[in-house]
>>> print(open('run.cif').read())   # mmCIF, C-alpha atoms
data_upload
loop_
_atom_site.group_PDB
_atom_site.id
_atom_site.type_symbol
_atom_site.label_atom_id
_atom_site.label_comp_id
_atom_site.auth_asym_id
_atom_site.auth_seq_id
_atom_site.Cartn_x
_atom_site.Cartn_y
_atom_site.Cartn_z
ATOM 1 C CA ASN J 1 112.620 87.522 96.241
ATOM 2 C CA ALA J 2 115.540 89.893 95.601
ATOM 3 C CA GLY J 3 114.811 92.445 98.379
ATOM 4 C CA VAL J 4 116.640 95.719 97.743
ATOM 5 C CA THR J 5 118.898 95.848 94.686
ATOM 6 C CA GLN J 6 121.470 98.585 94.205
ATOM 7 C CA THR J 7 123.519 99.289 91.109
ATOM 8 C CA PRO J 8 126.342 99.854 90.447
ATOM 9 C CA LYS J 9 128.351 98.254 93.259
ATOM 10 C CA PHE J 10 131.428 100.333 92.474
ATOM 11 C CA GLN J 11 131.892 103.601 90.611
ATOM 12 C CA VAL J 12 134.749 106.030 90.096
ATOM 13 C CA LEU J 13 133.919 109.570 89.009
ATOM 14 C CA LYS J 14 135.871 112.699 88.259
ATOM 15 C CA THR J 15 135.005 115.931 90.032
ATOM 16 C CA GLY J 16 132.094 117.623 88.312
ATOM 17 C CA GLN J 17 130.660 114.520 86.665
ATOM 18 C CA SER J 18 127.096 113.459 87.335
ATOM 19 C CA MET J 19 125.686 110.003 87.842
ATOM 20 C CA THR J 20 122.707 108.081 89.169
ATOM 21 C CA LEU J 21 122.738 105.327 91.762
ATOM 22 C CA GLN J 22 119.872 102.955 91.166
ATOM 23 C CA CYS J 23 117.745 101.337 93.867
ATOM 24 C CA ALA J 24 114.860 98.927 93.356
ATOM 25 C CA GLN J 25 112.817 96.878 95.817
ATOM 26 C CA ASP J 26 110.315 94.110 95.133
ATOM 27 C CA MET J 27 108.574 94.004 98.538
ATOM 28 C CA ASN J 28 105.939 96.651 97.800
ATOM 29 C CA HIS J 29 107.413 98.842 100.529
ATOM 30 C CA GLU J 30 106.069 102.372 100.777
ATOM 31 C CA TYR J 31 109.082 103.847 102.590
ATOM 32 C CA MET J 32 112.494 104.117 100.915
ATOM 33 C CA SER J 33 115.626 105.996 101.891
ATOM 34 C CA TRP J 34 119.234 106.691 101.008
ATOM 35 C CA TYR J 35 122.056 106.766 103.568
ATOM 36 C CA ARG J 36 125.746 107.389 103.221
ATOM 37 C CA GLN J 37 128.280 105.622 105.409
ATOM 38 C CA ASP J 38 131.591 107.227 106.238
ATOM 39 C CA PRO J 39 134.236 105.893 108.653
ATOM 40 C CA GLY J 40 133.597 106.983 112.225
ATOM 41 C CA MET J 41 130.376 108.766 111.305
ATOM 42 C CA GLY J 42 127.835 105.974 111.180
ATOM 43 C CA LEU J 43 125.033 106.301 108.648
ATOM 44 C CA ARG J 44 123.591 109.654 107.692
ATOM 45 C CA LEU J 45 120.259 110.086 105.950
ATOM 46 C CA ILE J 46 120.355 111.835 102.567
ATOM 47 C CA HIS J 47 116.769 111.663 101.262
ATOM 48 C CA TYR J 48 113.696 109.592 101.924
ATOM 49 C CA SER J 49 110.306 108.854 100.417
ATOM 50 C CA VAL J 50 107.025 107.616 101.900
ATOM 51 C CA GLY J 51 105.408 106.753 98.587
ATOM 52 C CA ALA J 52 105.379 107.378 94.858
ATOM 53 C CA GLY J 53 105.571 111.092 94.152
ATOM 54 C CA ILE J 54 106.613 111.996 97.716
ATOM 55 C CA THR J 55 110.201 112.756 98.693
ATOM 56 C CA ASP J 56 111.872 114.759 101.432
ATOM 57 C CA GLN J 57 115.320 115.756 102.619
ATOM 58 C CA GLY J 58 117.295 114.070 105.333
ATOM 59 C CA GLU J 59 120.313 115.227 107.297
ATOM 60 C CA VAL J 60 122.772 115.650 104.397
ATOM 61 C CA PRO J 61 120.814 116.375 101.168
ATOM 62 C CA ASN J 62 123.097 118.938 99.496
ATOM 63 C CA GLY J 63 124.494 117.792 96.166
ATOM 64 C CA TYR J 64 121.960 115.000 95.768
ATOM 65 C CA ASN J 65 118.619 114.717 94.060
ATOM 66 C CA VAL J 66 115.940 112.004 94.208
ATOM 67 C CA SER J 67 112.625 111.143 92.612
ATOM 68 C CA ARG J 68 110.045 108.424 93.221
ATOM 69 C CA SER J 69 107.938 107.809 90.136
ATOM 70 C CA THR J 70 107.042 104.231 91.102
ATOM 71 C CA THR J 71 106.763 102.320 94.380
ATOM 72 C CA GLU J 72 109.645 100.059 93.354
ATOM 73 C CA ASP J 73 112.360 102.537 92.311
ATOM 74 C CA PHE J 74 114.173 105.299 94.181
ATOM 75 C CA PRO J 75 117.226 106.567 92.255
ATOM 76 C CA LEU J 76 119.787 108.922 93.792
ATOM 77 C CA ARG J 77 121.378 111.488 91.497
ATOM 78 C CA LEU J 78 124.678 113.218 92.092
ATOM 79 C CA LEU J 79 124.430 116.484 90.237
ATOM 80 C CA SER J 80 128.104 117.528 90.140
ATOM 81 C CA ALA J 81 130.319 115.100 92.018
ATOM 82 C CA ALA J 82 132.790 116.366 94.604
ATOM 83 C CA PRO J 83 135.515 114.496 96.504
ATOM 84 C CA SER J 84 133.468 114.990 99.704
ATOM 85 C CA GLN J 85 130.886 112.650 98.188
ATOM 86 C CA THR J 86 133.310 109.742 98.231
ATOM 87 C CA SER J 87 131.426 107.269 100.391
ATOM 88 C CA VAL J 88 129.471 104.054 100.550
ATOM 89 C CA TYR J 89 125.813 104.590 99.747
ATOM 90 C CA PHE J 90 122.991 102.404 101.021
ATOM 91 C CA CYS J 91 119.406 102.256 99.927
ATOM 92 C CA ALA J 92 116.904 100.899 102.460
ATOM 93 C CA SER J 93 113.168 100.261 102.542
ATOM 94 C CA SER J 94 110.432 99.374 105.014
ATOM 95 C CA PRO J 95 106.677 98.737 104.803
ATOM 96 C CA GLY J 96 105.805 102.260 105.938
ATOM 97 C CA THR J 97 105.877 104.651 108.878
ATOM 98 C CA SER J 98 103.489 102.832 111.198
ATOM 99 C CA LEU J 99 105.100 100.894 114.036
ATOM 100 C CA LEU J 100 102.288 98.370 113.790
ATOM 101 C CA LEU J 101 103.235 97.662 110.186
ATOM 102 C CA GLY J 102 106.997 97.300 110.593
ATOM 103 C CA ALA J 103 108.207 100.885 110.423
ATOM 104 C CA ASN J 104 111.938 101.354 110.976
ATOM 105 C CA VAL J 105 112.695 97.674 110.343
ATOM 106 C CA LEU J 106 114.767 98.523 107.304
ATOM 107 C CA THR J 107 115.856 96.149 104.558
ATOM 108 C CA PHE J 108 119.160 97.375 103.163
ATOM 109 C CA GLY J 109 120.752 96.924 99.782
ATOM 110 C CA ALA J 110 124.341 95.679 99.506
ATOM 111 C CA GLY J 111 125.711 99.175 98.980
ATOM 112 C CA SER J 112 127.369 101.228 96.255
ATOM 113 C CA ARG J 113 130.954 102.342 96.787
ATOM 114 C CA LEU J 114 131.618 105.676 95.102
ATOM 115 C CA THR J 115 135.001 107.321 94.682
ATOM 116 C CA VAL J 116 135.261 110.886 93.381
ATOM 117 C CA LEU J 117 138.690 111.942 92.172
ATOM 118 C CA ALA M 1 116.238 115.956 119.013
ATOM 119 C CA GLN M 2 116.689 112.203 119.082
ATOM 120 C CA SER M 3 120.176 110.759 119.338
ATOM 121 C CA VAL M 4 122.048 107.627 120.301
ATOM 122 C CA ALA M 5 125.623 107.217 121.446
ATOM 123 C CA GLN M 6 127.856 104.191 121.256
ATOM 124 C CA PRO M 7 130.720 104.938 123.647
ATOM 125 C CA GLU M 8 133.042 102.166 122.428
ATOM 126 C CA ASP M 9 134.578 102.146 118.968
ATOM 127 C CA GLN M 10 135.666 98.527 119.419
ATOM 128 C CA VAL M 11 134.858 95.636 121.733
ATOM 129 C CA ASN M 12 137.100 92.571 121.960
ATOM 130 C CA VAL M 13 135.758 89.309 123.356
ATOM 131 C CA ALA M 14 137.006 85.738 123.529
ATOM 132 C CA GLU M 15 134.822 83.095 121.902
ATOM 133 C CA GLY M 16 132.452 81.554 124.428
ATOM 134 C CA ASN M 17 132.468 84.592 126.700
ATOM 135 C CA PRO M 18 129.463 86.879 127.119
ATOM 136 C CA LEU M 19 129.467 90.074 125.106
ATOM 137 C CA THR M 20 127.949 93.509 125.633
ATOM 138 C CA VAL M 21 127.820 96.361 123.136
ATOM 139 C CA LYS M 22 126.726 99.594 124.773
ATOM 140 C CA CYS M 23 124.228 102.190 123.590
ATOM 141 C CA THR M 24 122.734 105.192 125.350
ATOM 142 C CA TYR M 25 119.937 107.331 124.016
ATOM 143 C CA SER M 26 118.468 110.803 124.283
ATOM 144 C CA VAL M 27 114.885 111.338 123.131
ATOM 145 C CA SER M 28 111.897 113.542 123.575
ATOM 146 C CA GLY M 29 108.864 111.349 123.999
ATOM 147 C CA ASN M 30 108.817 107.561 123.885
ATOM 148 C CA PRO M 31 112.036 105.809 122.874
ATOM 149 C CA TYR M 32 111.807 103.396 119.966
ATOM 150 C CA LEU M 33 115.192 101.708 119.731
ATOM 151 C CA PHE M 34 116.838 99.326 117.292
ATOM 152 C CA TRP M 35 120.009 97.312 116.745
ATOM 153 C CA TYR M 36 121.453 96.496 113.343
ATOM 154 C CA VAL M 37 124.516 94.461 112.344
ATOM 155 C CA GLN M 38 126.787 94.926 109.344
ATOM 156 C CA TYR M 39 129.044 92.128 108.180
ATOM 157 C CA PRO M 40 132.046 93.068 106.002
ATOM 158 C CA ASN M 41 131.114 94.427 102.586
ATOM 159 C CA ARG M 42 127.406 93.929 103.240
ATOM 160 C CA GLY M 43 124.404 96.089 103.967
ATOM 161 C CA LEU M 44 122.984 96.389 107.467
ATOM 162 C CA GLN M 45 120.657 93.728 108.850
ATOM 163 C CA PHE M 46 117.976 94.215 111.492
ATOM 164 C CA LEU M 47 118.644 92.404 114.790
ATOM 165 C CA LEU M 48 115.984 93.534 117.255
ATOM 166 C CA LYS M 49 113.849 96.411 118.457
ATOM 167 C CA TYR M 50 112.294 97.867 121.576
ATOM 168 C CA ILE M 51 108.921 99.520 121.148
ATOM 169 C CA THR M 52 107.158 98.861 124.442
ATOM 170 C CA GLY M 53 106.649 96.096 126.993
ATOM 171 C CA ASP M 54 109.343 93.821 128.422
ATOM 172 C CA ASN M 55 112.669 95.486 129.061
ATOM 173 C CA LEU M 56 114.532 92.417 127.762
ATOM 174 C CA VAL M 57 114.110 92.068 124.025
ATOM 175 C CA LYS M 58 115.185 88.957 122.135
ATOM 176 C CA GLY M 59 116.322 89.074 118.532
ATOM 177 C CA SER M 60 118.095 87.214 115.772
ATOM 178 C CA TYR M 61 121.193 84.997 116.108
ATOM 179 C CA GLY M 62 120.845 84.668 119.905
ATOM 180 C CA PHE M 63 121.193 88.379 120.598
ATOM 181 C CA GLU M 64 119.144 90.230 123.167
ATOM 182 C CA ALA M 65 119.032 93.795 124.415
ATOM 183 C CA GLU M 66 118.126 95.299 127.746
ATOM 184 C CA PHE M 67 116.170 98.541 127.843
ATOM 185 C CA ASN M 68 116.862 100.629 130.952
ATOM 186 C CA LYS M 69 114.799 103.781 131.230
ATOM 187 C CA SER M 70 116.513 105.195 134.305
ATOM 188 C CA GLN M 71 119.955 104.867 132.709
ATOM 189 C CA THR M 72 118.679 105.723 129.207
ATOM 190 C CA SER M 73 120.510 102.696 127.861
ATOM 191 C CA PHE M 74 119.793 99.916 125.395
ATOM 192 C CA HIS M 75 122.768 97.560 125.564
ATOM 193 C CA LEU M 76 123.110 94.620 123.190
ATOM 194 C CA LYS M 77 124.080 91.304 124.772
ATOM 195 C CA LYS M 78 124.800 87.694 123.966
ATOM 196 C CA PRO M 79 125.544 84.988 126.553
ATOM 197 C CA SER M 80 128.218 83.199 124.513
ATOM 198 C CA ALA M 81 130.061 84.927 121.658
ATOM 199 C CA LEU M 82 130.963 83.238 118.387
ATOM 200 C CA VAL M 83 133.780 84.153 116.003
ATOM 201 C CA SER M 84 131.081 84.620 113.369
ATOM 202 C CA ASP M 85 129.566 87.433 115.491
ATOM 203 C CA SER M 86 132.519 89.635 114.513
ATOM 204 C CA ALA M 87 130.953 92.596 112.716
ATOM 205 C CA LEU M 88 129.997 96.250 113.020
ATOM 206 C CA TYR M 89 126.998 96.913 115.270
ATOM 207 C CA PHE M 90 124.779 99.968 115.080
ATOM 208 C CA CYS M 91 122.285 101.271 117.596
ATOM 209 C CA ALA M 92 119.494 103.449 116.192
ATOM 210 C CA VAL M 93 116.490 105.471 117.337
ATOM 211 C CA ARG M 94 113.306 106.357 115.489
ATOM 212 C CA ASP M 95 113.083 109.961 114.305
ATOM 213 C CA GLY M 96 110.953 111.985 116.685
ATOM 214 C CA GLY M 97 109.370 114.167 113.998
ATOM 215 C CA TYR M 98 105.931 113.894 112.472
ATOM 216 C CA GLY M 99 104.514 112.262 109.395
ATOM 217 C CA GLY M 100 106.920 110.675 106.968
ATOM 218 C CA SER M 101 110.009 111.408 109.014
ATOM 219 C CA GLN M 102 108.867 108.804 111.548
ATOM 220 C CA GLY M 103 110.052 106.202 109.087
ATOM 221 C CA ASN M 104 113.595 107.473 109.510
ATOM 222 C CA LEU M 105 116.244 106.113 111.823
ATOM 223 C CA ILE M 106 119.059 108.032 113.487
ATOM 224 C CA PHE M 107 122.107 105.804 113.809
ATOM 225 C CA GLY M 108 125.000 105.760 116.229
ATOM 226 C CA LYS M 109 128.561 105.713 114.921
ATOM 227 C CA GLY M 110 128.864 101.955 115.285
ATOM 228 C CA THR M 111 130.904 99.567 117.419
ATOM 229 C CA LYS M 112 133.258 97.027 115.896
ATOM 230 C CA LEU M 113 132.962 93.676 117.664
ATOM 231 C CA SER M 114 135.919 91.336 117.386
ATOM 232 C CA VAL M 115 135.553 87.793 118.722
ATOM 233 C CA LYS M 116 138.797 85.824 118.945
ATOM 234 C CA PRO M 117 138.975 82.005 119.037
#
>>> encode(input="run.cif", output="structure tokens")
Amino acid sequence: NAGVTQTPKFQVLKTGQSMTLQCAQDMNHEYMSWYRQDPGMGLRLIHYSVGAGITDQGEVPNGYNVSRSTTEDFPLRLLSAAPSQTSVYFCASSPGTSLLLGANVLTFGAGSRLTVL
Amino acid sequence: AQSVAQPEDQVNVAEGNPLTVKCTYSVSGNPYLFWYVQYPNRGLQFLLKYITGDNLVKGSYGFEAEFNKSQTSFHLKKPSALVSDSALYFCAVRDGGYGGSQGNLIFGKGTKLSVKP
């Protein structure tokens, strides 16, 4: 049981380049999300999804795009990378949004460290 | 809007001594509160949660948290600290919105716990 798998673990981009951070989970979780972690700022929500075909914006969505074509996968796309997007990115999932079914008990991936030059 | 605050950037404790990591919250409606831990170069891991019921909540690795409604606090505690407890600790609160956003968490900025031998 792999849990939440993120790739790549490290990436260096030049300003203006695009890329996709991959996230896959094998727990049949309905809810998936992307956070970025910056020193002194905790974790901030970028985008989230409550099921295949359903996505929504979080606190800091600008410059990022997501899609959810399957329950398992939730890729995060950087459209035109900027130095302000240098960060550590975490994908997380949970069974759903019901407290009775484990909502908010997130399983996190190991993270993807992105540097934009 | 929901928010949590962690007033200490760092907490230093000697091994064997009790530890407390502080968290205060501000919510509209019922507070649903969580603690997560992040070990170096890893993703976050769920420790414990308060949904309703007993004010003292027990979690993983010997940690517990005390919910105090009058002081709007949810402090994390452990009777006897271990060097291996050294990590970054995050308090979080469930998003107070409707529908899918209820799966989201709002995180504090984190507190670095350092346990010295």
>>> resolve_selection(input="run.cif", expression="the PyMOL selection byres ((chain M) within 9 of (chain J))", output="MDAnalysis selection string")
chainID M and resid 9 34 41:46 48:49 51 90 93:94 99:110
>>> closest_residue(input="run.cif", among="M:Ser70, M:Ser114, M:Asn30, M:Ser80", to="Pro18 in chain M", atoms="all atoms listed in the file")
M:Ser80
>>> closest_residue(input="run.cif", among="J:Thr86, J:Gln25, J:Asn62, J:Thr70", to="Leu117 in chain J", atoms="all atoms listed in the file")
J:Thr86
>>> atom_distance(input="run.cif", atom1="CA of Gln6 in chain M", atom2="CA of Gln6 in chain J")
28.4 Å
>>> closest_residue(input="run.cif", among="J:Ile46, J:Met27, J:Ser18, J:Val12", to="Thr71 in chain J", atoms="all atoms listed in the file")
J:Met27
>>> residues_near_point(input="run.cif", point="(121.3, 85.9, 115.6)", cutoff="10 Å", atoms="only C-alpha atoms", output="number ranges by chain")
M: 37, 46-48, 58-64, 78, 85
>>> closest_residue(input="run.cif", among="M:Tyr39, M:Lys77, M:Thr111, M:Leu19", to="Leu56 in chain M", atoms="only C-alpha atoms")
M:Lys77
>>> axis_aligned_box(input="run.cif", around="range 52-57 of chain M", padding_each_side="3 Å", output="AutoDock Vina command-line options")
--center_x 110.6 --center_y 95.5 --center_z 126.5 --size_x 13.9 --size_y 12.8 --size_z 11.0
>>> residues_around(input="run.cif", residues="Lys112 in chain M", least_positions_apart="6", cutoff="6 Å", atoms="only C-alpha atoms", output="PyMOL selection string")
chain M and resi 10+87-88
>>> atom_distance(input="run.cif", atom1="CA of Gln71 in chain M", atom2="CA of Ala1 in chain M")
18.0 Å
>>> residues_near_point(input="run.cif", point="(126.9, 118.6, 96.0)", cutoff="8 Å", atoms="only C-alpha atoms", output="list of chain:residue names")
J:Asn62, J:Gly63, J:Tyr64, J:Leu78, J:Leu79, J:Ser80, J:Ala81, J:Ala82, J:Gln85
>>> closest_residue(input="run.cif", among="J:Arg77, J:Gly3, J:Ala52, J:Val116", to="Met19 in chain J", atoms="only C-alpha atoms")
J:Arg77
>>> atom_distance(input="run.cif", atom1="CA of Val66 in chain J", atom2="CA of Cys23 in chain J")
10.8 Å
>>> residues_around(input="run.cif", residues="Lys69 in chain M", least_positions_apart="3", cutoff="10 Å", atoms="only C-alpha atoms", output="JSON, numbers by chain")
{"M": [24, 25, 31, 55, 66, 72, 73, 74]}
>>> resolve_selection(input="run.cif", expression="the PyMOL selection byres ((chain M and resi 27) around 6)", output="list in words")
Gln2, Ser26 and Ser28 of chain M
>>> residues_around(input="run.cif", residues="Val83 in chain M", least_positions_apart="6", cutoff="7 Å", atoms="all atoms listed in the file", output="ChimeraX atom specification")
/M:15,115-117
